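What's in query-v9.txt: compact mmCIF, C-alpha atoms
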# COMPACT_ATOMS: atom_id res chain seq x y z
CA MET G 1 36.46 141.38 146.95
CA ARG G 2 37.82 144.90 146.69
CA ILE G 3 41.21 143.50 145.67
CA PHE G 4 39.65 141.49 142.86
CA GLU G 5 37.62 144.48 141.71
CA TYR G 6 40.75 146.63 141.74
CA LEU G 7 42.68 144.03 139.74
CA LYS G 8 39.80 143.71 137.29
CA VAL G 9 39.65 147.46 136.70
CA SER G 10 43.43 147.67 136.43
CA MET G 11 43.61 144.87 133.87
CA ARG G 12 40.77 146.41 131.88
CA GLY G 13 42.59 149.72 131.75
CA LEU G 14 45.88 148.00 130.92
CA LEU G 15 44.39 146.09 127.99
CA ASN G 16 42.21 148.93 126.68
CA PHE G 17 44.01 149.61 123.42
CA ARG G 18 41.11 151.22 121.56
CA ALA G 19 41.72 154.62 123.12
CA ASP G 20 45.22 154.57 121.63
CA VAL G 21 44.12 153.39 118.17
CA ASP G 22 43.05 155.53 115.22
CA THR G 23 41.87 153.07 112.58
CA ALA G 24 40.72 155.75 110.12
CA ALA G 25 44.13 157.43 110.04
CA ALA G 26 45.82 154.03 109.85
CA ASP G 27 43.67 153.09 106.85
CA LEU G 28 44.68 156.25 105.00
CA ASN G 29 48.34 155.79 105.93
CA ILE G 30 48.42 152.18 104.70
CA ARG G 31 46.73 153.10 101.41
CA GLY G 32 49.30 155.84 100.87
CA ASN G 33 52.24 153.47 101.42
CA ILE G 34 51.31 150.73 98.96
CA HIS G 35 52.19 152.59 95.75
CA PHE G 36 55.62 152.23 94.15
CA LYS G 37 56.42 155.07 91.82
CA GLY G 38 58.76 158.01 91.50
CA THR G 39 61.22 158.36 94.38
CA ASN G 40 59.99 155.14 96.02
CA VAL G 41 61.34 153.18 93.06
CA LEU G 42 64.76 154.82 93.42
CA ILE G 43 64.84 154.26 97.18
CA LEU G 44 63.92 150.60 96.71
CA ALA G 45 66.56 150.07 94.00
CA PHE G 46 69.28 151.79 96.04
CA SER G 47 68.45 149.85 99.19
CA ILE G 48 68.45 146.58 97.24
CA ILE G 49 71.93 147.30 95.88
CA ILE G 50 73.18 148.22 99.37
CA ALA G 51 71.78 144.96 100.76
CA SER G 52 73.34 143.03 97.86
CA VAL G 53 76.74 144.53 98.67
CA GLY G 54 76.30 143.54 102.31
CA LEU G 55 75.40 139.98 101.36
CA ASN G 56 78.24 139.86 98.83
CA VAL G 57 80.86 140.73 101.48
CA ASN G 58 79.16 138.87 104.36
CA SER G 59 78.46 142.12 106.25
CA THR G 60 75.38 141.90 108.48
CA ALA G 61 75.62 145.57 109.48
CA VAL G 62 75.32 146.74 105.86
CA VAL G 63 72.29 144.48 105.31
CA ILE G 64 70.59 145.91 108.41
CA GLY G 65 71.22 149.44 107.17
CA ALA G 66 69.64 148.60 103.82
CA MET G 67 66.57 147.13 105.54
CA LEU G 68 66.07 150.40 107.41
CA ILE G 69 65.99 152.28 104.09
CA SER G 70 63.74 149.92 102.16
CA PRO G 71 59.97 150.63 101.76
CA LEU G 72 58.96 146.98 101.37
CA MET G 73 56.27 146.53 104.01
CA GLY G 74 53.58 148.76 102.47
CA PRO G 75 52.00 146.49 99.82
CA ILE G 76 52.12 143.41 102.07
CA ILE G 77 50.30 145.18 104.90
CA GLY G 78 47.84 146.46 102.27
CA VAL G 79 47.09 142.87 101.22
CA GLY G 80 46.29 141.88 104.80
CA LEU G 81 44.14 144.95 105.44
CA SER G 82 42.17 144.49 102.20
CA GLY G 83 41.12 141.01 103.30
CA SER G 84 40.00 142.32 106.66
CA ILE G 85 37.80 145.15 105.30
CA ASN G 86 36.56 143.40 102.10
CA ASP G 87 38.20 145.96 99.80
CA THR G 88 38.90 144.31 96.45
CA LYS G 89 40.35 147.49 94.92
CA LEU G 90 42.89 147.77 97.74
CA LEU G 91 43.68 144.07 97.26
CA ARG G 92 44.32 144.51 93.52
CA ASP G 93 46.44 147.62 94.06
CA SER G 94 48.44 145.95 96.82
CA LEU G 95 49.11 142.79 94.81
CA TRP G 96 50.09 144.79 91.73
CA ASN G 97 52.49 147.00 93.67
CA LEU G 98 53.89 143.96 95.46
CA LEU G 99 54.63 142.41 92.06
CA VAL G 100 56.28 145.66 90.90
CA MET G 101 58.33 145.74 94.08
CA VAL G 102 59.54 142.17 93.59
CA MET G 103 60.44 142.72 89.93
CA ILE G 104 62.40 145.91 90.68
CA SER G 105 64.24 144.19 93.51
CA LEU G 106 65.14 141.15 91.42
CA MET G 107 66.35 143.26 88.50
CA ALA G 108 68.48 145.53 90.70
CA SER G 109 70.09 142.69 92.65
CA ALA G 110 70.65 140.52 89.56
CA LEU G 111 72.29 143.45 87.75
CA TYR G 112 74.58 144.08 90.71
CA PHE G 113 75.69 140.46 91.00
CA LEU G 114 76.25 140.26 87.24
CA LEU G 115 78.59 143.27 87.34
CA SER G 116 80.18 142.69 90.74
CA PRO G 117 83.82 141.50 90.65
CA LEU G 118 83.54 140.16 94.20
CA GLU G 119 83.43 136.40 94.57
CA LEU G 120 83.14 134.61 97.91
CA ALA G 121 84.21 131.00 98.36
CA ASN G 122 81.72 130.65 101.22
CA PRO G 123 78.82 133.16 100.92
CA THR G 124 77.31 132.44 104.33
CA GLU G 125 74.97 135.45 104.36
CA LEU G 126 73.49 134.41 101.01
CA GLU G 127 73.27 130.75 101.97
CA ALA G 128 71.41 131.63 105.17
CA ARG G 129 68.53 133.06 103.08
CA THR G 130 67.79 129.82 101.20
CA SER G 131 66.36 127.60 103.94
CA PRO G 132 63.41 128.98 105.96
CA SER G 133 62.87 127.76 109.49
CA ILE G 134 60.02 127.87 111.99
CA PHE G 135 61.72 130.90 113.53
CA ASP G 136 61.23 132.80 110.27
CA VAL G 137 57.50 132.00 110.49
CA LEU G 138 57.26 133.29 114.06
CA ILE G 139 59.27 136.42 113.25
CA ALA G 140 57.10 137.22 110.24
CA LEU G 141 53.86 136.58 112.15
CA PHE G 142 54.66 138.67 115.21
CA GLY G 143 56.62 141.22 113.19
CA GLY G 144 53.61 141.78 110.95
CA ALA G 145 51.37 142.11 114.01
CA ALA G 146 53.72 144.70 115.50
CA GLY G 147 53.76 146.55 112.19
CA ILE G 148 49.98 146.93 111.88
CA VAL G 149 49.68 147.86 115.58
CA GLU G 150 52.27 150.61 115.07
CA GLN G 151 50.42 151.83 111.97
CA SER G 152 47.21 152.04 114.03
CA ARG G 153 48.62 154.00 116.97
CA ARG G 154 47.86 157.69 117.35
CA GLU G 155 51.44 158.39 118.41
CA LYS G 156 53.95 156.75 116.12
CA GLY G 157 57.24 155.36 117.44
CA THR G 158 60.20 153.44 116.03
CA VAL G 159 58.47 150.07 115.78
CA ILE G 160 58.32 150.09 111.96
CA SER G 161 62.12 150.27 111.74
CA GLY G 162 62.45 147.30 114.04
CA VAL G 163 59.83 145.37 112.09
CA ALA G 164 61.68 146.06 108.83
CA ILE G 165 64.86 144.60 110.32
CA ALA G 166 63.19 141.64 112.03
CA THR G 167 61.05 140.43 109.14
CA ALA G 168 64.01 140.69 106.71
CA LEU G 169 62.07 140.97 103.45
CA MET G 170 64.97 142.40 101.47
CA PRO G 171 67.79 139.81 101.88
CA PRO G 172 65.77 136.96 100.31
CA LEU G 173 65.05 139.10 97.24
CA CYS G 174 68.75 139.96 96.93
CA THR G 175 69.63 136.28 97.25
CA ALA G 176 67.09 135.43 94.55
CA GLY G 177 68.76 138.04 92.33
CA TYR G 178 72.08 136.33 93.01
CA GLY G 179 70.50 133.06 91.88
CA ILE G 180 69.34 134.71 88.64
CA ALA G 181 72.75 136.28 87.98
CA HIS G 182 74.58 132.99 88.53
CA TRP G 183 71.81 130.81 87.08
CA ASN G 184 71.58 128.94 90.39
CA GLY G 185 68.17 127.45 91.14
CA HIS G 186 69.10 126.56 94.72
CA PHE G 187 69.59 130.21 95.67
CA PHE G 188 66.65 131.52 93.62
CA PHE G 189 63.91 129.09 94.69
CA GLY G 190 65.12 128.85 98.28
CA ALA G 191 65.21 132.63 98.70
CA MET G 192 61.85 133.18 96.98
CA GLY G 193 60.36 130.55 99.27
CA LEU G 194 61.62 132.45 102.31
CA PHE G 195 60.29 135.75 100.92
CA GLY G 196 56.91 134.17 100.20
CA ILE G 197 56.66 132.79 103.74
CA ASN G 198 57.55 136.17 105.24
CA ALA G 199 55.02 137.99 103.05
CA ILE G 200 52.20 135.50 103.72
CA PHE G 201 52.58 135.57 107.50
CA ILE G 202 52.93 139.37 107.62
CA ALA G 203 49.69 139.65 105.62
CA LEU G 204 48.00 137.08 107.88
CA ALA G 205 49.04 138.96 111.02
CA THR G 206 47.76 142.21 109.50
CA TYR G 207 44.42 140.57 108.71
CA LEU G 208 43.99 139.26 112.27
CA VAL G 209 44.97 142.52 114.01
CA ALA G 210 42.77 144.59 111.68
CA LYS G 211 39.84 142.34 112.60
CA LEU G 212 40.72 142.74 116.29
CA PHE G 213 40.83 146.54 115.98
CA HIS G 214 37.55 146.62 114.02
CA PHE G 215 38.75 148.55 110.98
CA GLN G 216 35.85 150.03 109.04
CA GLU G 217 34.73 147.64 106.31
CA VAL G 218 33.88 148.82 102.81
CA GLN G 219 30.16 149.47 102.42
CA PHE G 220 28.35 148.48 99.21
CA VAL G 221 25.07 149.89 97.94
CA ASP G 222 24.47 146.83 95.78
CA ALA G 223 23.89 143.79 98.02
CA LYS G 224 24.75 141.38 95.20
CA LYS G 225 28.10 143.07 94.63
CA ALA G 226 28.73 143.02 98.38
CA ARG G 227 28.18 139.25 98.53
CA ARG G 228 30.40 138.68 95.50
CA THR G 229 33.15 140.83 96.96
CA ARG G 230 33.00 139.10 100.33
CA THR G 231 33.14 135.74 98.57
CA TRP G 232 36.26 136.64 96.60
CA VAL G 233 37.96 138.14 99.62
CA SER G 234 37.02 135.12 101.73
CA VAL G 235 38.48 132.77 99.11
CA PHE G 236 41.68 134.79 99.09
CA VAL G 237 41.88 134.75 102.90
CA VAL G 238 41.30 130.99 102.96
CA ILE G 239 44.09 130.51 100.41
CA VAL G 240 46.45 132.63 102.51
CA VAL G 241 45.55 130.75 105.69
CA VAL G 242 45.96 127.34 104.01
CA LEU G 243 49.32 128.35 102.54
CA SER G 244 50.39 129.66 105.94
CA CYS G 245 49.44 126.45 107.72
CA TRP G 246 51.01 124.27 105.03
CA SER G 247 54.24 126.28 105.12
CA ALA G 248 54.40 126.17 108.90
CA VAL G 249 53.81 122.40 109.04
CA ARG G 250 56.36 121.73 106.29
CA ILE G 251 59.00 123.90 107.95
CA VAL G 252 58.43 122.26 111.33
CA ARG G 253 58.78 118.80 109.77
CA ASN G 254 61.95 119.78 107.93
CA ASN G 255 63.48 121.31 111.05
CA ASN G 256 62.61 118.26 113.12
CA PHE G 257 64.16 115.97 110.50
CA GLU G 258 67.37 118.03 110.46
CA SER G 259 67.57 117.99 114.26
CA ASN G 260 67.04 114.22 114.37
CA ALA G 261 69.62 113.70 111.63
CA GLU G 262 72.20 115.78 113.51
CA ALA G 263 71.57 113.72 116.65
CA PHE G 264 71.90 110.48 114.65
CA VAL G 265 75.25 111.52 113.15
CA LYS G 266 76.57 112.63 116.54
CA GLU G 267 75.56 109.33 118.13
CA ASN G 268 77.19 107.22 115.39
CA ARG G 269 80.25 109.37 114.68
CA SER G 270 82.67 106.63 115.84
CA MET G 271 82.02 102.96 115.14
CA ASP G 272 84.12 99.79 115.41
CA LYS G 273 87.37 100.90 113.68
CA ALA G 274 85.35 103.14 111.38
CA TYR G 275 84.02 106.68 111.68
CA ILE G 276 81.85 109.21 109.87
CA TYR G 277 84.20 111.83 108.43
CA ASP G 278 81.58 113.81 106.48
CA TYR G 279 77.81 114.00 106.08
CA HIS G 280 75.09 115.93 104.24
CA ILE G 281 71.53 116.56 105.45
CA ASP G 282 68.76 117.69 103.07
CA GLY G 283 65.84 118.69 105.26
CA ALA G 284 63.52 119.49 102.35
CA ALA G 285 64.03 116.10 100.67
CA HIS G 286 64.33 114.24 104.00
CA LYS G 287 67.63 112.66 102.92
CA VAL G 288 70.81 111.96 104.89
CA GLU G 289 74.12 110.89 103.37
CA ILE G 290 77.00 109.80 105.60
CA ARG G 291 80.56 109.15 104.39
CA VAL G 292 82.44 106.52 106.35
CA THR G 293 86.14 105.66 106.34
CA GLY G 294 88.31 103.17 108.19
CA ARG G 295 87.55 99.47 108.44
CA ARG G 296 84.97 98.10 106.00
CA MET G 297 81.52 97.96 107.59
CA SER G 298 80.14 94.51 108.21
CA ALA G 299 76.52 93.58 107.58
CA GLU G 300 75.86 93.68 111.32
CA MET G 301 77.39 97.15 111.60
CA ARG G 302 75.24 98.45 108.72
CA ASP G 303 72.12 96.99 110.30
CA ALA G 304 73.00 98.70 113.58
CA VAL G 305 73.44 102.05 111.80
CA TYR G 306 70.09 101.72 110.00
CA ALA G 307 68.43 100.72 113.28
CA SER G 308 69.86 103.82 114.97
CA ALA G 309 68.59 105.96 112.08
CA ALA G 310 65.11 104.47 112.40
CA ALA G 311 65.16 105.24 116.13
CA HIS G 312 65.77 108.89 115.22
CA GLY G 313 62.88 108.96 112.75
CA ILE G 314 65.00 108.44 109.62
CA PRO G 315 63.59 105.64 107.42
CA TYR G 316 65.79 103.14 105.59
CA GLU G 317 65.32 104.74 102.16
CA SER G 318 66.30 108.19 103.47
CA LEU G 319 69.78 107.12 104.59
CA THR G 320 72.69 106.67 102.18
CA ILE G 321 76.01 105.22 103.39
CA THR G 322 79.12 105.89 101.28
CA GLU G 323 82.25 103.99 102.30
CA ASN G 324 85.86 104.98 101.68
CA THR G 325 87.83 102.16 103.32
CA LEU G 326 91.56 102.17 103.95
CA GLN G 327 91.98 99.85 100.95
CA GLU G 328 90.08 102.25 98.73
CA THR G 329 91.79 105.53 99.52
CA GLU G 330 92.37 106.63 95.94
CA ASP G 331 89.17 108.65 95.83
CA LEU G 332 89.75 109.95 99.35
CA ILE G 333 93.23 111.20 98.37
CA ARG G 334 91.59 113.27 95.65
CA SER G 335 89.45 115.06 98.18
CA GLU G 336 90.18 118.69 98.89
CA GLN G 337 91.38 118.12 102.44
CA ILE G 338 93.98 115.51 101.51
CA ALA G 339 94.99 117.45 98.41
CA GLY G 340 95.47 120.53 100.56
CA PHE G 341 97.60 118.55 103.01
CA PHE G 342 99.93 117.33 100.25
CA GLU G 343 100.05 120.80 98.75
CA ARG G 344 101.17 122.24 102.09
CA SER G 345 103.76 119.44 102.48
CA GLU G 346 105.16 120.09 99.02
CA SER G 347 105.37 123.79 99.76
CA GLU G 348 107.25 123.04 102.99
CA ILE G 349 109.73 120.80 101.14
CA THR G 350 110.36 123.53 98.56
CA ARG G 351 110.95 126.06 101.33
CA ARG G 352 113.43 123.78 103.10
CA ASP G 353 115.31 123.04 99.85
CA ALA G 354 115.72 126.77 99.30
CA THR G 355 117.05 127.16 102.85
CA ILE G 356 119.57 124.35 102.35
CA LEU G 357 120.81 125.88 99.08
CA ARG G 358 121.22 129.27 100.75
CA LEU G 359 123.22 127.76 103.63
CA ARG G 360 125.46 125.87 101.22
CA GLU G 361 126.25 129.09 99.38
CA GLN G 362 127.13 130.75 102.69
CA VAL G 363 129.46 127.86 103.62
CA ASP G 364 131.21 128.04 100.24
CA SER G 365 131.75 131.78 100.60
CA LEU G 366 133.20 131.33 104.10
CA GLN G 367 135.56 128.61 102.89
CA ALA G 368 136.77 130.85 100.08
CA ALA G 369 137.35 133.70 102.53
CA PHE G 370 139.55 131.59 104.86
CA GLU G 371 141.55 129.75 102.17
CA LEU G 372 145.28 130.69 102.29
CA PRO G 373 147.42 131.28 99.13
CA SER G 374 149.96 128.60 100.16
CA GLU G 375 152.00 128.48 96.97
CA GLN G 376 152.44 132.26 96.87
CA ILE G 377 153.57 132.31 100.53
CA ALA G 378 156.00 129.44 99.87
CA ARG G 379 157.63 131.28 96.97
CA GLU G 380 158.06 134.44 99.03
CA ILE G 381 159.69 132.48 101.90
CA ARG G 382 161.95 130.65 99.43
CA SER G 383 163.10 133.89 97.90
CA ASN G 384 163.70 135.57 101.26
CA TYR G 385 165.55 132.59 102.76
CA PRO G 386 167.31 130.83 99.86
CA GLY G 387 168.82 127.45 100.76
CA ARG G 388 167.76 127.75 104.39
CA ILE G 389 164.15 126.46 104.38
CA ALA G 390 163.36 122.83 103.58
CA GLU G 391 159.62 122.63 104.59
CA VAL G 392 156.77 125.03 105.25
CA TYR G 393 153.56 124.09 107.15
CA LEU G 394 150.52 126.35 106.94
CA SER G 395 147.66 125.35 109.26
CA LYS G 396 144.12 125.63 107.81
CA GLY G 397 145.88 125.65 104.49
CA ASP G 398 148.51 123.50 102.74
CA ALA G 399 151.86 121.92 103.60
CA VAL G 400 154.67 122.75 101.15
CA GLU G 401 157.94 120.78 101.10
CA TRP G 402 160.87 121.73 98.91
CA VAL G 403 162.74 118.84 97.38
CA ARG G 404 166.40 118.71 98.37
CA GLY G 405 168.93 119.03 95.60
CA ALA G 406 167.05 121.65 93.68
CA SER G 407 169.20 124.29 92.05
CA ALA G 408 169.38 127.30 94.27
CA GLY G 409 170.76 129.47 91.56
CA ALA G 410 167.75 128.82 89.39
CA GLY G 411 165.51 130.44 92.01
CA ALA G 412 163.02 127.62 91.62
CA ALA G 413 162.15 124.68 93.80
CA GLY G 414 160.27 121.43 93.43
CA ALA G 415 157.51 121.28 95.98
CA ALA G 416 155.10 118.73 97.36
CA VAL G 417 151.76 120.15 98.51
CA GLY G 418 149.26 118.41 100.86
CA ALA G 419 146.34 119.24 103.11
CA ALA G 420 147.00 120.47 106.64
CA GLY G 421 144.99 120.52 109.85
CA ALA G 422 142.96 123.24 111.46
CA GLY G 423 144.41 126.34 113.10
CA PHE G 424 146.11 129.53 112.05
CA ALA G 425 149.76 128.99 113.12
CA ALA G 426 152.64 128.58 110.63
CA GLY G 427 155.94 126.74 111.01
CA ALA G 428 159.16 126.17 109.02
CA SER G 429 161.93 123.56 109.09
CA ALA G 430 165.49 124.67 108.32
CA VAL G 431 167.87 122.81 106.04
Written as structure tokens, how would this file's structure read?
Amino acid sequence: MRIFEYLKVSMRGLLNFRADVDTAAADLNIRGNIHFKGTNVLILAFSIIIASVGLNVNSTAVVIGAMLISPLMGPIIGVGLSGSINDTKLLRDSLWNLLVMVMISLMASALYFLLSPLELANPTELEARTSPSIFDVLIALFGGAAGIVEQSRREKGTVISGVAIATALMPPLCTAGYGIAHWNGHFFFGAMGLFGINAIFIALATYLVAKLFHFQEVQFVDAKKARRTRTWVSVFVVIVVVLSCWSAVRIVRNNNFESNAEAFVKENRSMDKAYIYDYHIDGAAHKVEIRVTGRRMSAEMRDAVYASAAAHGIPYESLTITENTLQETEDLIRSEQIAGFFERSESEITRRDATILRLREQVDSLQAAFELPSEQIAREIRSNYPGRIAEVYLSKGDAVEWVRGASAGAGAAGAAVGAAGAGFAAGASAV
């Protein structure tokens, strides 16, 4: 029994967080951090531009640095606290400053992306902020809880910095600004959806922890006003909870569909003399498109593919099969991969032609260097040995033969010239 009593006392002391919590100071601190004016506006704008640069060049480190600078958490935590203590004024101020924060962020990021000369063919950091997952929900929920707990502690630590990085409120706003600058609805609506989910679950976590810590509720002298205020705050809390649950369920369903679709594609990658060479999964719309090449699919093969899709939770109307058979390769040849292959082949042919031309020029120059002046040599020999030389043979050059009966006194000779064999020796035949 003593062991159980000891464990009970130990656990009670371990879980006694009220001695470490100062709710009154936390309330004042949260109220002071919700306002966006003066230097806070500049800090927010600068941090948004830094984060936009990081997203623009696919640099995660730069984005993390910007999140450490940004003062984004204040109004969202204020929204959650206002619901917990029935403070409609704090709720209005928090929502207004949250709207100001969003507008400043969107304007700063959109202006940067409008003026930026940087263009990425594959903006992975931006693309990653357009499709929320269940992990984003969990991070926002527990990150928000950690944030309000840190705000409530008597001794502050470095938790807020970690929460700012984990909840990642800034990158979605920068991505939405990119969508505005490039008039791209996919980036704008996807990123704003992720930001909304993060904000809602941070506010929900703040509400729950504030209730757990028993923050002092606002007291009203007028009982009628108190009931009206509690009603409005309760309606707002219900809306937040419903939106949170709906978002969580939708994200879980989308993630499950994407996982099932990936498993379906992997299972059916190779078929009878046909294979899936490309595919696209839209988790939000619950659509899968597969592109098949090779042998034309028979009716039985199509039925088998649809049956496999149904086994993975993908209904018939959600699957689209696009065939590019070997007899219909014209469209496939126009694809970027095939076009790139031919472009590389053509470049290789051009390079080899240039090499061949260069080698030919080198051969011609070598031949010119080793060519012997046969006629000039023959004339010099004829003049030095008049009437004594009948034929001259120059290897790797020409053969010169003087015609008998030519006039020696004229100093000229008729000659027959022909090609000779290889070598460097010379020979002469006397008359």
Sel. within 10 Å of pt (55.1, 139.9, 112.5), counting all atoms listed in the file, output as a short mmCIF file (atom, residue, chain, number, x, y, z; two decimals) with C-alpha atoms, in the coordinates of the input:
data_model
loop_
_atom_site.label_atom_id
_atom_site.label_comp_id
_atom_site.auth_asym_id
_atom_site.auth_seq_id
_atom_site.Cartn_x
_atom_site.Cartn_y
_atom_site.Cartn_z
CA ASP G 136 61.23 132.80 110.27
CA VAL G 137 57.50 132.00 110.49
CA LEU G 138 57.26 133.29 114.06
CA ILE G 139 59.27 136.42 113.25
CA ALA G 140 57.10 137.22 110.24
CA LEU G 141 53.86 136.58 112.15
CA PHE G 142 54.66 138.67 115.21
CA GLY G 143 56.62 141.22 113.19
CA GLY G 144 53.61 141.78 110.95
CA ALA G 145 51.37 142.11 114.01
CA ALA G 146 53.72 144.70 115.50
CA GLY G 147 53.76 146.55 112.19
CA ILE G 148 49.98 146.93 111.88
CA VAL G 163 59.83 145.37 112.09
CA ALA G 164 61.68 146.06 108.83
CA ALA G 166 63.19 141.64 112.03
CA THR G 167 61.05 140.43 109.14
CA ASN G 198 57.55 136.17 105.24
CA ALA G 199 55.02 137.99 103.05
CA PHE G 201 52.58 135.57 107.50
CA ILE G 202 52.93 139.37 107.62
CA ALA G 203 49.69 139.65 105.62
CA LEU G 204 48.00 137.08 107.88
CA ALA G 205 49.04 138.96 111.02
CA THR G 206 47.76 142.21 109.50
#
Could you name the residues that touch G:Val62 at 12 Å or less, counting only C-alpha atoms, but leaving out those on the same chain fewer than 6 positions away, as a PDB file with C-alpha atoms, in the coordinates of the input?
ATOM      1  CA  SER G  47      68.450 149.850  99.190  1.00  0.00           C
ATOM      2  CA  ILE G  48      68.450 146.580  97.240  1.00  0.00           C
ATOM      3  CA  ILE G  49      71.930 147.300  95.880  1.00  0.00           C
ATOM      4  CA  ILE G  50      73.180 148.220  99.370  1.00  0.00           C
ATOM      5  CA  ALA G  51      71.780 144.960 100.760  1.00  0.00           C
ATOM      6  CA  SER G  52      73.340 143.030  97.860  1.00  0.00           C
ATOM      7  CA  VAL G  53      76.740 144.530  98.670  1.00  0.00           C
ATOM      8  CA  GLY G  54      76.300 143.540 102.310  1.00  0.00           C
ATOM      9  CA  LEU G  55      75.400 139.980 101.360  1.00  0.00           C
ATOM     10  CA  ASN G  56      78.240 139.860  98.830  1.00  0.00           C
ATOM     11  CA  LEU G  68      66.070 150.400 107.410  1.00  0.00           C
ATOM     12  CA  ILE G  69      65.990 152.280 104.090  1.00  0.00           C
ATOM     13  CA  GLU G 125      74.970 135.450 104.360  1.00  0.00           C
ATOM     14  CA  ILE G 165      64.860 144.600 110.320  1.00  0.00           C
ATOM     15  CA  PRO G 171      67.790 139.810 101.880  1.00  0.00           C
TER      16      PRO G 171
END
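Between atom CA of G:Tyr207 and atom CA of G:Ser131 the separation is 25.9 Å.
Distances from G:Leu95, G:Leu169, G:Phe4, G:Met101 to G:Lys37 were compared using all atoms listed in the file, and the smallest one belongs to G:Met101.
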(message) Between G:Lys211, G:Arg230, G:Arg253, G:His186, which residue has the minimum interatomic distance to G:Ser133, considering all atoms listed in the file?
(response) G:Arg253
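We find atom CA of G:Thr130 and atom CA of G:Thr175 to be spaced 7.8 Å apart.
Between atom CA of G:Leu319 and atom CA of G:Ser259 the interatomic distance comes to 14.7 Å.
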May I have the residues within 12 Å of G:Met271 as a PDB file with C-alpha atoms, in the coordinates of the input, using all atoms listed in the file and disregarding those fewer than 3 positions away in the same chain?
ATOM      1  CA  VAL G 265      75.250 111.520 113.150  1.00  0.00           C
ATOM      2  CA  LYS G 266      76.570 112.630 116.540  1.00  0.00           C
ATOM      3  CA  GLU G 267      75.560 109.330 118.130  1.00  0.00           C
ATOM      4  CA  ASN G 268      77.190 107.220 115.390  1.00  0.00           C
ATOM      5  CA  ALA G 274      85.350 103.140 111.380  1.00  0.00           C
ATOM      6  CA  TYR G 275      84.020 106.680 111.680  1.00  0.00           C
ATOM      7  CA  ILE G 276      81.850 109.210 109.870  1.00  0.00           C
ATOM      8  CA  TYR G 277      84.200 111.830 108.430  1.00  0.00           C
ATOM      9  CA  VAL G 292      82.440 106.520 106.350  1.00  0.00           C
ATOM     10  CA  THR G 293      86.140 105.660 106.340  1.00  0.00           C
ATOM     11  CA  GLY G 294      88.310 103.170 108.190  1.00  0.00           C
ATOM     12  CA  ARG G 295      87.550  99.470 108.440  1.00  0.00           C
ATOM     13  CA  ARG G 296      84.970  98.100 106.000  1.00  0.00           C
ATOM     14  CA  MET G 297      81.520  97.960 107.590  1.00  0.00           C
ATOM     15  CA  SER G 298      80.140  94.510 108.210  1.00  0.00           C
ATOM     16  CA  GLU G 300      75.860  93.680 111.320  1.00  0.00           C
ATOM     17  CA  MET G 301      77.390  97.150 111.600  1.00  0.00           C
ATOM     18  CA  ARG G 302      75.240  98.450 108.720  1.00  0.00           C
ATOM     19  CA  ALA G 304      73.000  98.700 113.580  1.00  0.00           C
ATOM     20  CA  VAL G 305      73.440 102.050 111.800  1.00  0.00           C
TER      21      VAL G 305
END
(request) Could you give me, as a ChimeraX atom specification, the residues within 12 Å of G:Trp183, counting all atoms listed in the file and dropping anything in the same chain fewer than 6 positions from it? (result) /G:110,113-114,175-177,189
Residues of the last selection are to be written out with C-alpha atoms, as a PDB file, keeping the file's coordinate frame.
ATOM      1  CA  ALA G 110      70.650 140.520  89.560  1.00  0.00           C
ATOM      2  CA  PHE G 113      75.690 140.460  91.000  1.00  0.00           C
ATOM      3  CA  LEU G 114      76.250 140.260  87.240  1.00  0.00           C
ATOM      4  CA  THR G 175      69.630 136.280  97.250  1.00  0.00           C
ATOM      5  CA  ALA G 176      67.090 135.430  94.550  1.00  0.00           C
ATOM      6  CA  GLY G 177      68.760 138.040  92.330  1.00  0.00           C
ATOM      7  CA  PHE G 189      63.910 129.090  94.690  1.00  0.00           C
TER       8      PHE G 189
END
Please build the interface table for stretch 78-117 of chain G against stretch 237-242 of chain G with a cut-off of 12 Å, listing for each qualifying residue the nearest atom pair and the distance in Å to one decimal; count all atoms listed in the file, order rows by chain and increasing number, and write it as a tab-separated table.
residue	atom	partner	partner_atom	distance
G:Val79	CA	G:Val237	CA	9.8
G:Gly80	CA	G:Val237	CA	8.6
G:Leu81	CA	G:Val237	CA	10.8
G:Ser82	CA	G:Val237	CA	9.8
G:Gly83	CA	G:Val237	CA	6.3
G:Ser84	CA	G:Val237	CA	8.7
G:Ile85	CA	G:Val237	CA	11.4
G:Asn86	CA	G:Val237	CA	10.2
G:Thr88	CA	G:Val237	CA	11.9
G:Leu91	CA	G:Val237	CA	11.0
Write the residues of the selection above to a file with C-alpha atoms, as a PDB file, keeping the file's coordinate frame.
ATOM      1  CA  VAL G  79      47.090 142.870 101.220  1.00  0.00           C
ATOM      2  CA  GLY G  80      46.290 141.880 104.800  1.00  0.00           C
ATOM      3  CA  LEU G  81      44.140 144.950 105.440  1.00  0.00           C
ATOM      4  CA  SER G  82      42.170 144.490 102.200  1.00  0.00           C
ATOM      5  CA  GLY G  83      41.120 141.010 103.300  1.00  0.00           C
ATOM      6  CA  SER G  84      40.000 142.320 106.660  1.00  0.00           C
ATOM      7  CA  ILE G  85      37.800 145.150 105.300  1.00  0.00           C
ATOM      8  CA  ASN G  86      36.560 143.400 102.100  1.00  0.00           C
ATOM      9  CA  THR G  88      38.900 144.310  96.450  1.00  0.00           C
ATOM     10  CA  LEU G  91      43.680 144.070  97.260  1.00  0.00           C
TER      11      LEU G  91
END
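Nearest residue to G:Arg153 among G:Ala26, G:Ile349, G:Gln219, G:Ala354 is G:Ala26, counting only C-alpha atoms.
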(request) Using all atoms listed in the file, determine which residues lie at most 7 Å from G:Ser318, disregarding the query and same-chain residues fewer than 6 positions distant; provide the list as a VMD selection string. (result) chain G and resid 286 to 288
